[in-house]
Amino acid sequence: MSIRTDKVSSLLQRELSDILQKELPRSGPLATVVEVKITPDLGIARAYISVIGKDQDREALMEHLRNETKSIRKELSSRIRHQFRRIPELEFYEDRLFEQASRIEQLLKSVRPSSAEGQAEGE
């Protein structure tokens with residue numbers, strides 16, 4: 001990625017985070033914009049959203065974001081219109097890295113006690 005796309009990605013991540021913080025209900029799941037990847041022509045921005053909450057709430061939130069893409073893009077446009085000639089199309093994807101990391105950590109914890117017992121027996 002070029003310096004330009006990196007700067008655009010970080011700007012979009014900041015602005016999308018602010019928009020989601022104000023738009024989403026406080027009683028729902030916790031949503032964080034983890035990363036924004038933008039195509040080299042700056043035409044499409046893919047926002048990766050980490051959602052902490054129940055599976056049902058996560059799915060509802062992601063569906064809400066996909067349905068409200070136009071209004072979110074319009075709000076984004078009003079915030080950054082002086083910095084962009086053309087506002088990129090938005091695509092929202094769920095980032096499940098947090099879940100995967102938790103699962104790996106659980107697996108490691110389950111292996112460690114048995115490996116410690118094996119070392120004690122081998123001595």
# chains A, B, ... in the order shown; residues from 1 in each chain; ligands from 1
call {"tool": "select_by_dssp", "arguments": {"residues": "chain A", "states": "strand (DSSP E)", "output": "MDAnalysis selection string"}}
result
chainID A and resid 30:38 44:52 89:94
call {"tool": "residues_around", "arguments": {"residues": "Leu61 in chain A", "least_positions_apart": "4", "cutoff": "8 Å", "atoms": "only C-alpha atoms", "output": "JSON, numbers by chain"}}
result
{"A": [29, 57, 65]}
call {"tool": "write_last_selection", "arguments": {"atoms": "C-alpha atoms", "output": "PDB file, in the first residue's frame"}}
result
ATOM      1  CA  PRO A  29     -23.090  -4.951  21.461  1.00  0.00           C
ATOM      2  CA  ASP A  57     -26.673  -9.206  18.425  1.00  0.00           C
ATOM      3  CA  LEU A  65     -24.528  -1.608   9.045  1.00  0.00           C
TER       4      LEU A  65
END
call {"tool": "residues_around", "arguments": {"residues": "Arg73 in chain A", "least_positions_apart": "3", "cutoff": "12 Å", "atoms": "only C-alpha atoms", "output": "list in words"}}
result
Leu12, Glu15, Leu16, Ile19, Leu20, Ile44, Ala45, Ala47, Leu65, Arg66, Asn67, Glu68, Thr69, Lys70, Leu76, Ser77, Ser78, Arg79, Ile80, Arg81, Arg86, Ile87, Pro88, Glu89, Leu90, Glu91 and Phe92 of chain A
call {"tool": "select_by_dssp", "arguments": {"residues": "chain A", "states": "helix (DSSP H, G or I)", "output": "NGL selection string"}}
result
:A and (3-23 or 55-67 or 69-80 or 97-122)
call {"tool": "residues_around", "arguments": {"residues": "Thr5 in chain A", "least_positions_apart": "3", "cutoff": "8 Å", "atoms": "only C-alpha atoms", "output": "count of residues only"}}
result
8
